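Content type mmCIF, C-alpha atoms and all ligand atoms, from the file my_file_20.cif:
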```cif
data_work
loop_
_atom_site.group_PDB
_atom_site.id
_atom_site.type_symbol
_atom_site.label_atom_id
_atom_site.label_comp_id
_atom_site.auth_asym_id
_atom_site.auth_seq_id
_atom_site.Cartn_x
_atom_site.Cartn_y
_atom_site.Cartn_z
ATOM 1 C CA MET A 73 -37.985 -13.068 3.529
ATOM 2 C CA ASN A 74 -37.411 -9.869 5.462
ATOM 3 C CA SER A 75 -35.404 -10.918 8.540
ATOM 4 C CA ILE A 76 -37.153 -8.295 10.727
ATOM 5 C CA SER A 77 -40.471 -10.071 10.234
ATOM 6 C CA VAL A 78 -39.234 -13.248 11.907
ATOM 7 C CA ARG A 79 -37.747 -11.581 14.980
ATOM 8 C CA ASP A 80 -39.526 -12.737 18.114
ATOM 9 C CA LYS A 81 -39.830 -10.602 21.260
ATOM 10 C CA ARG A 82 -39.632 -13.751 23.384
ATOM 11 C CA THR A 83 -36.143 -14.637 22.176
ATOM 12 C CA ASP A 84 -34.564 -11.536 20.655
ATOM 13 C CA PRO A 85 -32.655 -9.507 23.306
ATOM 14 C CA ALA A 86 -32.653 -6.366 21.126
ATOM 15 C CA LEU A 87 -36.455 -6.414 20.931
ATOM 16 C CA ARG A 88 -36.993 -7.417 24.552
ATOM 17 C CA HIS A 89 -34.682 -4.801 26.020
ATOM 18 C CA PRO A 90 -34.440 -1.736 23.739
ATOM 19 C CA GLU A 91 -33.799 0.432 26.824
ATOM 20 C CA LYS A 92 -30.697 -1.625 27.580
ATOM 21 C CA ARG A 93 -29.228 -1.298 24.051
ATOM 22 C CA ASN A 94 -26.728 1.361 25.094
ATOM 23 C CA ARG A 95 -25.433 -0.494 28.115
ATOM 24 C CA PRO A 96 -21.977 -2.059 27.845
ATOM 25 C CA ASP A 97 -21.839 -5.800 27.256
ATOM 26 C CA ASN A 98 -21.104 -8.031 30.253
ATOM 27 C CA PRO A 99 -19.975 -11.368 28.828
ATOM 28 C CA ILE A 100 -21.999 -14.298 30.206
ATOM 29 C CA GLN A 101 -19.853 -16.374 32.531
ATOM 30 C CA ARG A 102 -19.666 -20.162 32.503
ATOM 31 C CA LYS A 103 -21.798 -21.645 35.249
ATOM 32 C CA PRO A 104 -20.276 -23.903 37.885
ATOM 33 C CA ASP A 105 -21.334 -27.575 37.985
ATOM 34 C CA TRP A 106 -23.779 -27.009 40.827
ATOM 35 C CA ILE A 107 -25.934 -24.697 38.648
ATOM 36 C CA ARG A 108 -26.283 -26.844 35.500
ATOM 37 C CA VAL A 109 -29.820 -27.998 34.658
ATOM 38 C CA LYS A 110 -31.177 -30.331 31.970
ATOM 39 C CA ALA A 111 -32.903 -28.981 28.829
ATOM 40 C CA PRO A 112 -36.708 -29.292 29.047
ATOM 41 C CA THR A 113 -37.950 -32.244 26.972
ATOM 42 C CA SER A 114 -40.828 -33.962 28.828
ATOM 43 C CA LYS A 115 -44.323 -34.439 27.381
ATOM 44 C CA ALA A 116 -45.834 -32.572 30.343
ATOM 45 C CA TYR A 117 -43.507 -29.618 29.624
ATOM 46 C CA HIS A 118 -44.856 -29.346 26.065
ATOM 47 C CA GLU A 119 -48.462 -29.756 27.251
ATOM 48 C CA THR A 120 -48.043 -26.942 29.801
ATOM 49 C CA ARG A 121 -46.506 -24.720 27.124
ATOM 50 C CA LYS A 122 -49.359 -25.370 24.692
ATOM 51 C CA MET A 123 -52.027 -24.658 27.298
ATOM 52 C CA MET A 124 -50.460 -21.305 28.206
ATOM 53 C CA ARG A 125 -50.339 -20.325 24.521
ATOM 54 C CA ASP A 126 -53.947 -21.466 23.885
ATOM 55 C CA LEU A 127 -55.226 -19.418 26.851
ATOM 56 C CA ASN A 128 -53.088 -16.408 25.945
ATOM 57 C CA LEU A 129 -51.320 -16.533 29.339
ATOM 58 C CA ALA A 130 -47.728 -15.505 30.008
ATOM 59 C CA THR A 131 -45.503 -17.219 32.571
ATOM 60 C CA VAL A 132 -42.578 -15.822 34.471
ATOM 61 C CA CYS A 133 -40.935 -19.213 33.932
ATOM 62 C CA GLU A 134 -40.443 -18.323 30.253
ATOM 63 C CA GLU A 135 -40.243 -14.544 30.453
ATOM 64 C CA ALA A 136 -37.554 -14.629 33.131
ATOM 65 C CA ALA A 137 -35.743 -17.548 31.447
ATOM 66 C CA CYS A 138 -35.925 -19.518 34.691
ATOM 67 C CA PRO A 139 -33.415 -22.383 34.890
ATOM 68 C CA ASN A 140 -35.967 -24.636 36.650
ATOM 69 C CA ILE A 141 -38.517 -24.663 33.832
ATOM 70 C CA GLY A 142 -37.826 -28.275 32.792
ATOM 71 C CA GLU A 143 -38.351 -29.583 36.326
ATOM 72 C CA CYS A 144 -41.351 -27.394 37.214
ATOM 73 C CA TRP A 145 -43.295 -27.782 33.963
ATOM 74 C CA ALA A 146 -42.728 -31.534 33.935
ATOM 75 C CA LYS A 147 -44.760 -31.465 37.177
ATOM 76 C CA LYS A 148 -47.261 -29.006 35.609
ATOM 77 C CA HIS A 149 -46.206 -26.317 38.042
ATOM 78 C CA ALA A 150 -46.010 -22.933 36.322
ATOM 79 C CA THR A 151 -46.059 -19.380 37.638
ATOM 80 C CA ILE A 152 -48.613 -17.400 35.655
ATOM 81 C CA MET A 153 -47.703 -13.794 34.935
ATOM 82 C CA ILE A 154 -50.791 -11.611 34.756
ATOM 83 C CA MET A 155 -51.296 -8.130 33.259
ATOM 84 C CA GLY A 156 -49.236 -8.857 30.151
ATOM 85 C CA ASP A 157 -45.631 -9.597 29.254
ATOM 86 C CA THR A 158 -44.331 -6.013 29.132
ATOM 87 C CA CYS A 159 -43.086 -4.241 32.270
ATOM 88 C CA THR A 160 -42.943 -0.494 32.938
ATOM 89 C CA ARG A 161 -39.616 -0.798 34.806
ATOM 90 C CA ALA A 162 -36.157 -1.809 33.627
ATOM 91 C CA CYS A 163 -34.392 -3.633 36.456
ATOM 92 C CA ALA A 164 -30.820 -4.612 35.636
ATOM 93 C CA PHE A 165 -31.318 -8.268 36.606
ATOM 94 C CA CYS A 166 -34.660 -9.003 34.951
ATOM 95 C CA ASN A 167 -35.292 -10.601 31.562
ATOM 96 C CA VAL A 168 -38.914 -9.457 31.254
ATOM 97 C CA ALA A 169 -39.325 -7.009 28.349
ATOM 98 C CA THR A 170 -39.682 -3.291 29.161
ATOM 99 C CA GLY A 171 -42.011 -0.950 27.273
ATOM 100 C CA VAL A 172 -45.550 0.348 27.071
ATOM 101 C CA PRO A 173 -47.878 -2.469 28.170
ATOM 102 C CA LYS A 174 -51.133 -3.353 26.422
ATOM 103 C CA PRO A 175 -54.463 -2.631 28.161
ATOM 104 C CA LEU A 176 -55.533 -5.245 30.713
ATOM 105 C CA ASP A 177 -57.307 -8.317 29.316
ATOM 106 C CA PRO A 178 -60.741 -8.493 30.998
ATOM 107 C CA LYS A 179 -60.906 -12.219 30.194
ATOM 108 C CA GLU A 180 -57.673 -12.924 32.053
ATOM 109 C CA PRO A 181 -59.192 -13.740 35.493
ATOM 110 C CA ALA A 182 -61.439 -16.387 33.874
ATOM 111 C CA ASN A 183 -58.580 -17.747 31.732
ATOM 112 C CA VAL A 184 -56.330 -18.086 34.791
ATOM 113 C CA ALA A 185 -59.129 -20.017 36.528
ATOM 114 C CA VAL A 186 -59.393 -22.369 33.502
ATOM 115 C CA ALA A 187 -55.620 -22.971 33.460
ATOM 116 C CA VAL A 188 -55.495 -23.682 37.191
ATOM 117 C CA GLY A 189 -58.490 -26.026 36.876
ATOM 118 C CA SER A 190 -56.871 -27.918 33.962
ATOM 119 C CA MET A 191 -53.649 -28.372 35.876
ATOM 120 C CA ALA A 192 -55.612 -29.430 39.001
ATOM 121 C CA LEU A 193 -53.225 -27.403 41.134
ATOM 122 C CA GLU A 194 -53.317 -27.613 44.921
ATOM 123 C CA HIS A 195 -51.282 -24.411 45.143
ATOM 124 C CA VAL A 196 -50.967 -21.726 42.489
ATOM 125 C CA VAL A 197 -48.426 -18.904 42.194
ATOM 126 C CA LEU A 198 -49.386 -15.764 40.287
ATOM 127 C CA THR A 199 -47.115 -12.872 39.558
ATOM 128 C CA SER A 200 -47.212 -9.805 37.338
ATOM 129 C CA VAL A 201 -45.173 -7.217 35.569
ATOM 130 C CA ASP A 202 -44.990 -3.733 37.129
ATOM 131 C CA ARG A 203 -47.869 -1.607 35.858
ATOM 132 C CA ASP A 204 -46.892 1.931 36.833
ATOM 133 C CA ASP A 205 -49.215 3.089 34.015
ATOM 134 C CA LEU A 206 -52.339 2.015 35.958
ATOM 135 C CA ASP A 207 -53.840 4.198 38.704
ATOM 136 C CA ASP A 208 -53.827 1.341 41.216
ATOM 137 C CA GLY A 209 -50.739 -0.446 39.829
ATOM 138 C CA GLY A 210 -52.986 -3.398 38.943
ATOM 139 C CA ALA A 211 -54.204 -4.107 42.498
ATOM 140 C CA ASP A 212 -57.840 -4.448 41.427
ATOM 141 C CA HIS A 213 -56.905 -6.870 38.635
ATOM 142 C CA PHE A 214 -55.022 -9.032 41.166
ATOM 143 C CA GLY A 215 -58.202 -8.994 43.298
ATOM 144 C CA GLN A 216 -60.323 -10.113 40.327
ATOM 145 C CA VAL A 217 -57.996 -13.042 39.646
ATOM 146 C CA VAL A 218 -58.005 -14.087 43.315
ATOM 147 C CA ARG A 219 -61.833 -13.939 43.384
ATOM 148 C CA ALA A 220 -62.133 -15.975 40.177
ATOM 149 C CA LEU A 221 -59.855 -18.638 41.633
ATOM 150 C CA ARG A 222 -61.628 -18.739 45.023
ATOM 151 C CA ALA A 223 -64.923 -19.282 43.137
ATOM 152 C CA SER A 224 -63.694 -21.917 40.680
ATOM 153 C CA ALA A 225 -61.120 -23.778 42.779
ATOM 154 C CA PRO A 226 -61.906 -23.186 46.469
ATOM 155 C CA ALA A 227 -59.507 -25.916 47.614
ATOM 156 C CA THR A 228 -56.533 -24.406 45.764
ATOM 157 C CA THR A 229 -54.288 -22.246 47.905
ATOM 158 C CA ILE A 230 -53.145 -19.012 46.280
ATOM 159 C CA GLU A 231 -49.787 -17.292 46.394
ATOM 160 C CA ILE A 232 -49.245 -13.921 44.739
ATOM 161 C CA LEU A 233 -45.915 -12.306 43.989
ATOM 162 C CA THR A 234 -46.653 -8.636 43.494
ATOM 163 C CA PRO A 235 -45.015 -5.395 42.369
ATOM 164 C CA ASP A 236 -44.253 -2.784 45.042
ATOM 165 C CA PHE A 237 -47.249 -0.473 44.252
ATOM 166 C CA LYS A 238 -44.934 2.523 44.657
ATOM 167 C CA ASP A 239 -46.861 5.825 44.488
ATOM 168 C CA LYS A 240 -50.201 3.967 44.263
ATOM 169 C CA PRO A 241 -52.167 5.107 47.323
ATOM 170 C CA GLY A 242 -55.075 2.782 48.039
ATOM 171 C CA ALA A 243 -53.463 -0.271 46.409
ATOM 172 C CA ILE A 244 -52.758 -1.953 49.753
ATOM 173 C CA ASP A 245 -56.415 -1.576 50.827
ATOM 174 C CA ILE A 246 -57.519 -3.159 47.535
ATOM 175 C CA MET A 247 -55.049 -6.029 47.918
ATOM 176 C CA ALA A 248 -56.099 -6.618 51.526
ATOM 177 C CA ALA A 249 -59.772 -6.957 50.493
ATOM 178 C CA ASP A 250 -59.084 -10.204 48.560
ATOM 179 C CA PRO A 251 -56.106 -11.675 50.355
ATOM 180 C CA PRO A 252 -54.215 -14.677 49.028
ATOM 181 C CA ASP A 253 -52.862 -17.409 51.304
ATOM 182 C CA VAL A 254 -49.296 -16.237 50.696
ATOM 183 C CA PHE A 255 -48.365 -12.639 49.872
ATOM 184 C CA ASN A 256 -44.916 -12.460 48.326
ATOM 185 C CA HIS A 257 -42.927 -9.421 47.357
ATOM 186 C CA ASN A 258 -39.231 -9.771 46.647
ATOM 187 C CA LEU A 259 -36.701 -7.290 48.009
ATOM 188 C CA GLU A 260 -34.324 -8.850 45.423
ATOM 189 C CA THR A 261 -31.095 -7.321 46.771
ATOM 190 C CA VAL A 262 -29.530 -5.296 49.564
ATOM 191 C CA PRO A 263 -30.352 -1.553 49.788
ATOM 192 C CA ARG A 264 -26.855 -0.407 48.714
ATOM 193 C CA LEU A 265 -27.341 -2.070 45.316
ATOM 194 C CA TYR A 266 -30.806 -0.659 44.577
ATOM 195 C CA PRO A 267 -29.583 2.318 42.478
ATOM 196 C CA THR A 268 -27.891 -0.023 39.990
ATOM 197 C CA ILE A 269 -29.943 -3.223 40.241
ATOM 198 C CA ARG A 270 -33.495 -1.961 40.959
ATOM 199 C CA PRO A 271 -33.252 1.723 40.003
ATOM 200 C CA GLY A 272 -37.013 2.315 39.706
ATOM 201 C CA SER A 273 -37.749 0.894 43.161
ATOM 202 C CA ARG A 274 -37.122 1.871 46.764
ATOM 203 C CA TYR A 275 -35.987 -0.583 49.445
ATOM 204 C CA PHE A 276 -38.182 0.873 52.197
ATOM 205 C CA THR A 277 -41.262 1.005 49.925
ATOM 206 C CA SER A 278 -40.914 -2.740 49.378
ATOM 207 C CA LEU A 279 -40.321 -3.462 53.053
ATOM 208 C CA ASP A 280 -43.265 -1.280 54.029
ATOM 209 C CA LEU A 281 -45.589 -3.124 51.632
ATOM 210 C CA LEU A 282 -44.805 -6.433 53.362
ATOM 211 C CA ARG A 283 -45.230 -4.921 56.825
ATOM 212 C CA ARG A 284 -48.549 -3.231 56.006
ATOM 213 C CA ILE A 285 -50.105 -6.276 54.345
ATOM 214 C CA LYS A 286 -49.318 -8.370 57.434
ATOM 215 C CA GLU A 287 -50.820 -5.682 59.684
ATOM 216 C CA ARG A 288 -54.029 -5.621 57.599
ATOM 217 C CA VAL A 289 -54.355 -9.404 57.217
ATOM 218 C CA PRO A 290 -52.508 -11.103 60.100
ATOM 219 C CA SER A 291 -53.494 -14.593 58.886
ATOM 220 C CA VAL A 292 -51.689 -14.194 55.555
ATOM 221 C CA PHE A 293 -48.227 -15.695 55.223
ATOM 222 C CA THR A 294 -45.751 -13.092 53.978
ATOM 223 C CA LYS A 295 -42.753 -14.062 51.919
ATOM 224 C CA SER A 296 -39.800 -12.312 50.300
ATOM 225 C CA GLY A 297 -36.789 -13.250 48.232
ATOM 226 C CA LEU A 298 -33.210 -12.209 47.639
ATOM 227 C CA MET A 299 -30.769 -12.898 44.827
ATOM 228 C CA VAL A 300 -27.151 -13.253 45.880
ATOM 229 C CA GLY A 301 -24.002 -13.020 43.764
ATOM 230 C CA LEU A 302 -24.570 -9.367 42.829
ATOM 231 C CA GLY A 303 -21.833 -7.926 45.061
ATOM 232 C CA GLU A 304 -23.621 -7.901 48.417
ATOM 233 C CA THR A 305 -21.763 -8.741 51.635
ATOM 234 C CA ARG A 306 -22.792 -11.350 54.200
ATOM 235 C CA GLU A 307 -23.355 -8.562 56.754
ATOM 236 C CA GLU A 308 -25.685 -6.735 54.356
ATOM 237 C CA VAL A 309 -27.686 -9.918 53.775
ATOM 238 C CA GLY A 310 -27.953 -10.355 57.562
ATOM 239 C CA GLN A 311 -29.263 -6.795 57.883
ATOM 240 C CA VAL A 312 -31.927 -7.438 55.218
ATOM 241 C CA MET A 313 -32.994 -10.535 57.166
ATOM 242 C CA ASP A 314 -33.334 -8.419 60.315
ATOM 243 C CA ASP A 315 -35.400 -5.834 58.409
ATOM 244 C CA LEU A 316 -37.704 -8.567 57.080
ATOM 245 C CA ARG A 317 -38.181 -10.065 60.531
ATOM 246 C CA ALA A 318 -38.978 -6.591 61.903
ATOM 247 C CA ALA A 319 -41.713 -6.457 59.208
ATOM 248 C CA ASP A 320 -42.930 -9.866 60.494
ATOM 249 C CA VAL A 321 -42.155 -11.670 57.220
ATOM 250 C CA ASP A 322 -42.562 -15.458 57.564
ATOM 251 C CA PHE A 323 -40.698 -16.999 54.660
ATOM 252 C CA LEU A 324 -37.407 -16.079 53.001
ATOM 253 C CA THR A 325 -36.053 -17.435 49.701
ATOM 254 C CA ILE A 326 -32.432 -16.898 48.645
ATOM 255 C CA GLY A 327 -31.065 -17.965 45.244
ATOM 256 C CA GLN A 328 -28.125 -17.293 42.942
ATOM 257 C CA TYR A 329 -28.516 -14.387 40.490
ATOM 258 C CA LEU A 330 -28.017 -15.599 36.914
ATOM 259 C CA GLN A 331 -27.337 -13.090 34.159
ATOM 260 C CA PRO A 332 -29.941 -13.485 31.378
ATOM 261 C CA THR A 333 -28.143 -11.598 28.554
ATOM 262 C CA PRO A 334 -24.905 -9.591 28.099
ATOM 263 C CA LYS A 335 -26.940 -6.381 28.600
ATOM 264 C CA HIS A 336 -27.872 -7.325 32.177
ATOM 265 C CA ALA A 337 -25.940 -6.839 35.426
ATOM 266 C CA ARG A 338 -22.870 -9.030 35.628
ATOM 267 C CA ILE A 339 -22.522 -11.809 38.158
ATOM 268 C CA ASP A 340 -20.107 -10.721 40.853
ATOM 269 C CA LYS A 341 -19.785 -14.209 42.274
ATOM 270 C CA PHE A 342 -21.193 -17.731 42.131
ATOM 271 C CA VAL A 343 -22.102 -18.313 45.769
ATOM 272 C CA SER A 344 -21.156 -21.856 46.803
ATOM 273 C CA PRO A 345 -23.694 -24.391 48.123
ATOM 274 C CA LYS A 346 -21.885 -24.237 51.484
ATOM 275 C CA GLU A 347 -22.374 -20.458 51.689
ATOM 276 C CA PHE A 348 -26.065 -20.979 50.873
ATOM 277 C CA GLU A 349 -26.270 -23.420 53.773
ATOM 278 C CA GLY A 350 -24.755 -20.702 55.962
ATOM 279 C CA TYR A 351 -27.386 -18.175 54.805
ATOM 280 C CA GLY A 352 -30.127 -20.723 55.508
ATOM 281 C CA LYS A 353 -28.813 -21.310 58.992
ATOM 282 C CA MET A 354 -28.516 -17.592 59.650
ATOM 283 C CA ALA A 355 -32.110 -16.964 58.484
ATOM 284 C CA ARG A 356 -33.561 -19.782 60.583
ATOM 285 C CA GLY A 357 -31.663 -18.389 63.575
ATOM 286 C CA LYS A 358 -33.357 -15.038 63.039
ATOM 287 C CA GLY A 359 -36.786 -16.635 63.372
ATOM 288 C CA PHE A 360 -38.273 -17.053 59.875
ATOM 289 C CA LEU A 361 -40.943 -19.751 59.892
ATOM 290 C CA HIS A 362 -39.471 -21.207 56.733
ATOM 291 C CA VAL A 363 -36.334 -20.646 54.644
ATOM 292 C CA SER A 364 -35.245 -21.899 51.226
ATOM 293 C CA ALA A 365 -31.632 -21.047 50.378
ATOM 294 C CA THR A 366 -29.982 -22.937 47.513
ATOM 295 C CA PRO A 367 -28.338 -21.834 44.249
ATOM 296 C CA LEU A 368 -31.460 -22.700 42.206
ATOM 297 C CA THR A 369 -34.025 -21.386 44.691
ATOM 298 C CA ARG A 370 -36.505 -19.027 43.037
ATOM 299 C CA SER A 371 -39.569 -17.395 44.625
ATOM 300 C CA SER A 372 -41.913 -19.982 43.199
ATOM 301 C CA TYR A 373 -39.634 -23.029 43.154
ATOM 302 C CA HIS A 374 -41.326 -25.869 45.097
ATOM 303 C CA ALA A 375 -43.836 -23.274 46.330
ATOM 304 C CA GLY A 376 -46.588 -25.847 46.940
ATOM 305 C CA ASP A 377 -44.386 -28.078 49.117
ATOM 306 C CA ASP A 378 -43.032 -25.027 50.917
ATOM 307 C CA PHE A 379 -46.561 -23.797 51.644
ATOM 308 C CA VAL A 380 -47.338 -27.083 53.431
ATOM 309 C CA LYS A 381 -44.160 -26.676 55.518
ATOM 310 C CA LEU A 382 -44.987 -23.050 56.244
ATOM 311 C CA ARG A 383 -48.449 -23.924 57.540
ATOM 312 C CA ALA A 384 -47.046 -26.759 59.660
ATOM 313 C CA ALA A 385 -44.386 -24.447 61.133
ATOM 314 C CA ARG A 386 -47.024 -21.880 62.130
ATOM 315 C CA GLU A 387 -49.187 -24.553 63.743
ATOM 316 C CA ALA A 388 -46.197 -25.920 65.662
ATOM 317 C CA LYS A 389 -45.302 -22.413 66.865
ATOM 318 C CA LEU A 390 -48.869 -21.727 67.995
ATOM 319 C CA ALA A 391 -49.023 -25.090 69.812
ATOM 320 C CA VAL A 392 -45.877 -24.161 71.792
ATOM 321 C CA ALA A 393 -47.347 -20.747 72.642
ATOM 322 C CA ASP A 394 -50.612 -22.285 73.992
HETATM 323 S S1 LIG A 401 -39.007 -21.907 39.730
HETATM 324 FE FE1 LIG A 401 -40.851 -20.650 39.457
HETATM 325 S S2 LIG A 401 -40.401 -19.368 37.671
HETATM 326 FE FE2 LIG A 401 -38.923 -21.050 37.666
HETATM 327 S S3 LIG A 401 -39.844 -22.593 36.336
HETATM 328 FE FE3 LIG A 401 -40.419 -23.087 38.459
HETATM 329 S S4 LIG A 401 -42.417 -22.099 38.703
HETATM 330 FE FE4 LIG A 401 -41.487 -21.187 36.908
#
```

Will you turn the file into structure tokens for me?
Ligand code: SF4
Amino acid sequence: MNSISVRDKRTDPALRHPEKRNRPDNPIQRKPDWIRVKAPTSKAYHETRKMMRDLNLATVCEEAACPNIGECWAKKHATIMIMGDTCTRACAFCNVATGVPKPLDPKEPANVAVAVGSMALEHVVLTSVDRDDLDDGGADHFGQVVRALRASAPATTIEILTPDFKDKPGAIDIMAADPPDVFNHNLETVPRLYPTIRPGSRYFTSLDLLRRIKERVPSVFTKSGLMVGLGETREEVGQVMDDLRAADVDFLTIGQYLQPTPKHARIDKFVSPKEFEGYGKMARGKGFLHVSATPLTRSSYHAGDDFVKLRAAREAKLAVAD
């Protein structure tokens, strides 16, 4: 058999990341004990996997090689990645494949609604690849998915984790017309590291997106996330927190960056659980309504439970203000 014919884009780094082929190898470092997770084996994990395949849906859990997949899928909590599995950007930390994406699937909004209905989710997280090839960056498609979910599962709360919509005038208006319950956009790292870690993105574009969405839809919870261990300093992380609070962002997640393949950015440091506690304390002191800061924190990790806490924190704050 021709070996090329059995290569799989999901698992073959050379096929997933052709644009990274010429980068030097960064050997993968051994993880400390506090990062180890069990291999996924549960029945619910396999059922979730089969359903996503049957409905032709991608998940960021698989595409980003998330370490929490065993735990999350065992609870039938998955983050659905809409608009395909191929991204138009090539961030140095991200395991999602880069290339020319396929056209949008018009059946996707309905298929997402079926998947969410089958999993009987109280809270769903949807994300997407960057679609710089589309005039609106995919904003209208996000709106269609939100509308399909509101119609089919009105009791389910919706969280979306979006691209930055850089150079897509009008995208914010489209997004604001069908708002989710939680609008998440990750800054990912400190501004000094953008040229190497997020070269296709701009720190202030991302910050501005969060600020403008909150201005348009004050009832929406805004959320952002940072990876640490990429070479940032504690002072730089504190400055990003201040910038996010100035943009009225409610919820901050901070987790350890993990290097997916030797072609990705190297880990500068495994941040200790104690340092994460310190970041959590610092963020709460700066006034975020909710903070999750642990080595395995990811944007969508425990998102349903965190949404309940977020809503309770806002209610408590409003009660004090009355
Ligand atoms: S943390 Fe998020 S991306 Fe990772 S497995 Fe859980 S739901 Fe998926």

Output as lines of an AutoDock Vina configuration file the centre and edge lengths (Å, one decimal) of the box along x, y and z of the file that holds every listed atom of ligand LIG 401 (chain A) after adding 3 Å on each side.
```
center_x = -40.7
center_y = -21.2
center_z = 38.0
size_x = 9.5
size_y = 9.7
size_z = 9.4
```

Q | Nearby residues (all atoms listed in the file) at most 7 Å from Gly301 (chain A), same-chain spacing under 3 positions excluded, as a PyMOL selection string | A | chain A and resi 304+328-329+339-343

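Considering only C-alpha atoms, the residue among A:Leu368, A:Leu324, A:Cys163, A:Ala192 positioned nearest to Arg108 (chain A) is A:Leu368.
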
**Q.** Residues matched by the PyMOL selection byres (((not hetatm)) within 10 of (chain A and resi 401)), written as number ranges by chain
**A.** A: 131-153, 196-199, 368-376

Any chance you can output those residues with C-alpha atoms as a PDB file, in the frame of the given file?
```
ATOM      1  CA  THR A 131     -45.503 -17.219  32.571  1.00  0.00           C
ATOM      2  CA  VAL A 132     -42.578 -15.822  34.471  1.00  0.00           C
ATOM      3  CA  CYS A 133     -40.935 -19.213  33.932  1.00  0.00           C
ATOM      4  CA  GLU A 134     -40.443 -18.323  30.253  1.00  0.00           C
ATOM      5  CA  GLU A 135     -40.243 -14.544  30.453  1.00  0.00           C
ATOM      6  CA  ALA A 136     -37.554 -14.629  33.131  1.00  0.00           C
ATOM      7  CA  ALA A 137     -35.743 -17.548  31.447  1.00  0.00           C
ATOM      8  CA  CYS A 138     -35.925 -19.518  34.691  1.00  0.00           C
ATOM      9  CA  PRO A 139     -33.415 -22.383  34.890  1.00  0.00           C
ATOM     10  CA  ASN A 140     -35.967 -24.636  36.650  1.00  0.00           C
ATOM     11  CA  ILE A 141     -38.517 -24.663  33.832  1.00  0.00           C
ATOM     12  CA  GLY A 142     -37.826 -28.275  32.792  1.00  0.00           C
ATOM     13  CA  GLU A 143     -38.351 -29.583  36.326  1.00  0.00           C
ATOM     14  CA  CYS A 144     -41.351 -27.394  37.214  1.00  0.00           C
ATOM     15  CA  TRP A 145     -43.295 -27.782  33.963  1.00  0.00           C
ATOM     16  CA  ALA A 146     -42.728 -31.534  33.935  1.00  0.00           C
ATOM     17  CA  LYS A 147     -44.760 -31.465  37.177  1.00  0.00           C
ATOM     18  CA  LYS A 148     -47.261 -29.006  35.609  1.00  0.00           C
ATOM     19  CA  HIS A 149     -46.206 -26.317  38.042  1.00  0.00           C
ATOM     20  CA  ALA A 150     -46.010 -22.933  36.322  1.00  0.00           C
ATOM     21  CA  THR A 151     -46.059 -19.380  37.638  1.00  0.00           C
ATOM     22  CA  ILE A 152     -48.613 -17.400  35.655  1.00  0.00           C
ATOM     23  CA  MET A 153     -47.703 -13.794  34.935  1.00  0.00           C
ATOM     24  CA  VAL A 196     -50.967 -21.726  42.489  1.00  0.00           C
ATOM     25  CA  VAL A 197     -48.426 -18.904  42.194  1.00  0.00           C
ATOM     26  CA  LEU A 198     -49.386 -15.764  40.287  1.00  0.00           C
ATOM     27  CA  THR A 199     -47.115 -12.872  39.558  1.00  0.00           C
ATOM     28  CA  LEU A 368     -31.460 -22.700  42.206  1.00  0.00           C
ATOM     29  CA  THR A 369     -34.025 -21.386  44.691  1.00  0.00           C
ATOM     30  CA  ARG A 370     -36.505 -19.027  43.037  1.00  0.00           C
ATOM     31  CA  SER A 371     -39.569 -17.395  44.625  1.00  0.00           C
ATOM     32  CA  SER A 372     -41.913 -19.982  43.199  1.00  0.00           C
ATOM     33  CA  TYR A 373     -39.634 -23.029  43.154  1.00  0.00           C
ATOM     34  CA  HIS A 374     -41.326 -25.869  45.097  1.00  0.00           C
ATOM     35  CA  ALA A 375     -43.836 -23.274  46.330  1.00  0.00           C
ATOM     36  CA  GLY A 376     -46.588 -25.847  46.940  1.00  0.00           C
TER      37      GLY A 376
END
```

Q: For the structure provided, state which residues fall under the PyMOL selection byres (((chain A and resi 185) around 12) and not hetatm), and present them as a ChimeraX atom specification.
A: /A:127,129,152,154,179-184,186-193,196,198,216-226,228,230

Q.
Excluding His362 (chain A) and its own-chain neighbours fewer than 3 positions away, which residues fall within 10 Å of it when counting all atoms listed in the file? Please give them as a PyMOL selection string.
A. chain A and resi 295+321-325+352+355-356+359+378-379+381-386

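Once the PyMOL selection byres (((chain A and resi 309) around 9) and not hetatm) is applied to the shown structure, the selection contains Thr261, Val262, Leu298, Val300, Glu304, Thr305, Arg306, Glu307, Glu308, Gly310, Gln311, Val312, Met313, Asp314 and Tyr351 of chain A.
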
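Atom pair CA of His257 (chain A) / CA of Leu279 (chain A) has a distance of 8.6 Å (rounded to one decimal).
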
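Distances to Gly297 (chain A) were evaluated for A:Thr234, A:Thr158, A:Asn128, A:Thr113 using all atoms listed in the file, and the minimum falls at A:Thr234.
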
Q: For CA of Arg274 (chain A) and CA of Val289 (chain A), determine how far apart the two atoms are, in Å to one decimal place.
A: 23.1 Å

**Q.** Nearby residues (all atoms listed in the file) at most 10 Å from Pro345 (chain A), same-chain spacing under 4 positions excluded, as a ChimeraX atom specification
**A.** /A:106-107,328,349-351,365-368

(Q) List as a VMD selection string the protein and nucleic acid residues near Phe276 (chain A), meaning an atom at most 12 Å away when only C-alpha atoms are counted, but skip any in the same chain fewer than 3 places from it. (A) chain A and resid 236 238 259 262 to 264 266 273 279 to 284 312 315 to 316 319

Q.
Just the number, please: distance in Å from CA of Cys159 (chain A) to CA of Asp202 (chain A), one decimal.
A. 5.2 Å

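The smallest atom-to-atom distance between Gly327 (chain A) and any of A:Ile100, A:Met124, A:Met299, A:Leu206, using only C-alpha atoms, is found for A:Met299.
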
Q. Within 10 Å of Gly210 (chain A), counting all atoms listed in the file, which residues qualify if same-chain residues fewer than 3 places away don't, as a PyMOL selection string?
A. chain A and resi 154-155+176+200-207+213-215+234-235+237+240+243+246-247

Q: Have a look at A:Thr294, A:Ser364, A:Thr160, A:Ser278 and name the one nearest to Ile232 (chain A); count only C-alpha atoms.
A: A:Thr294
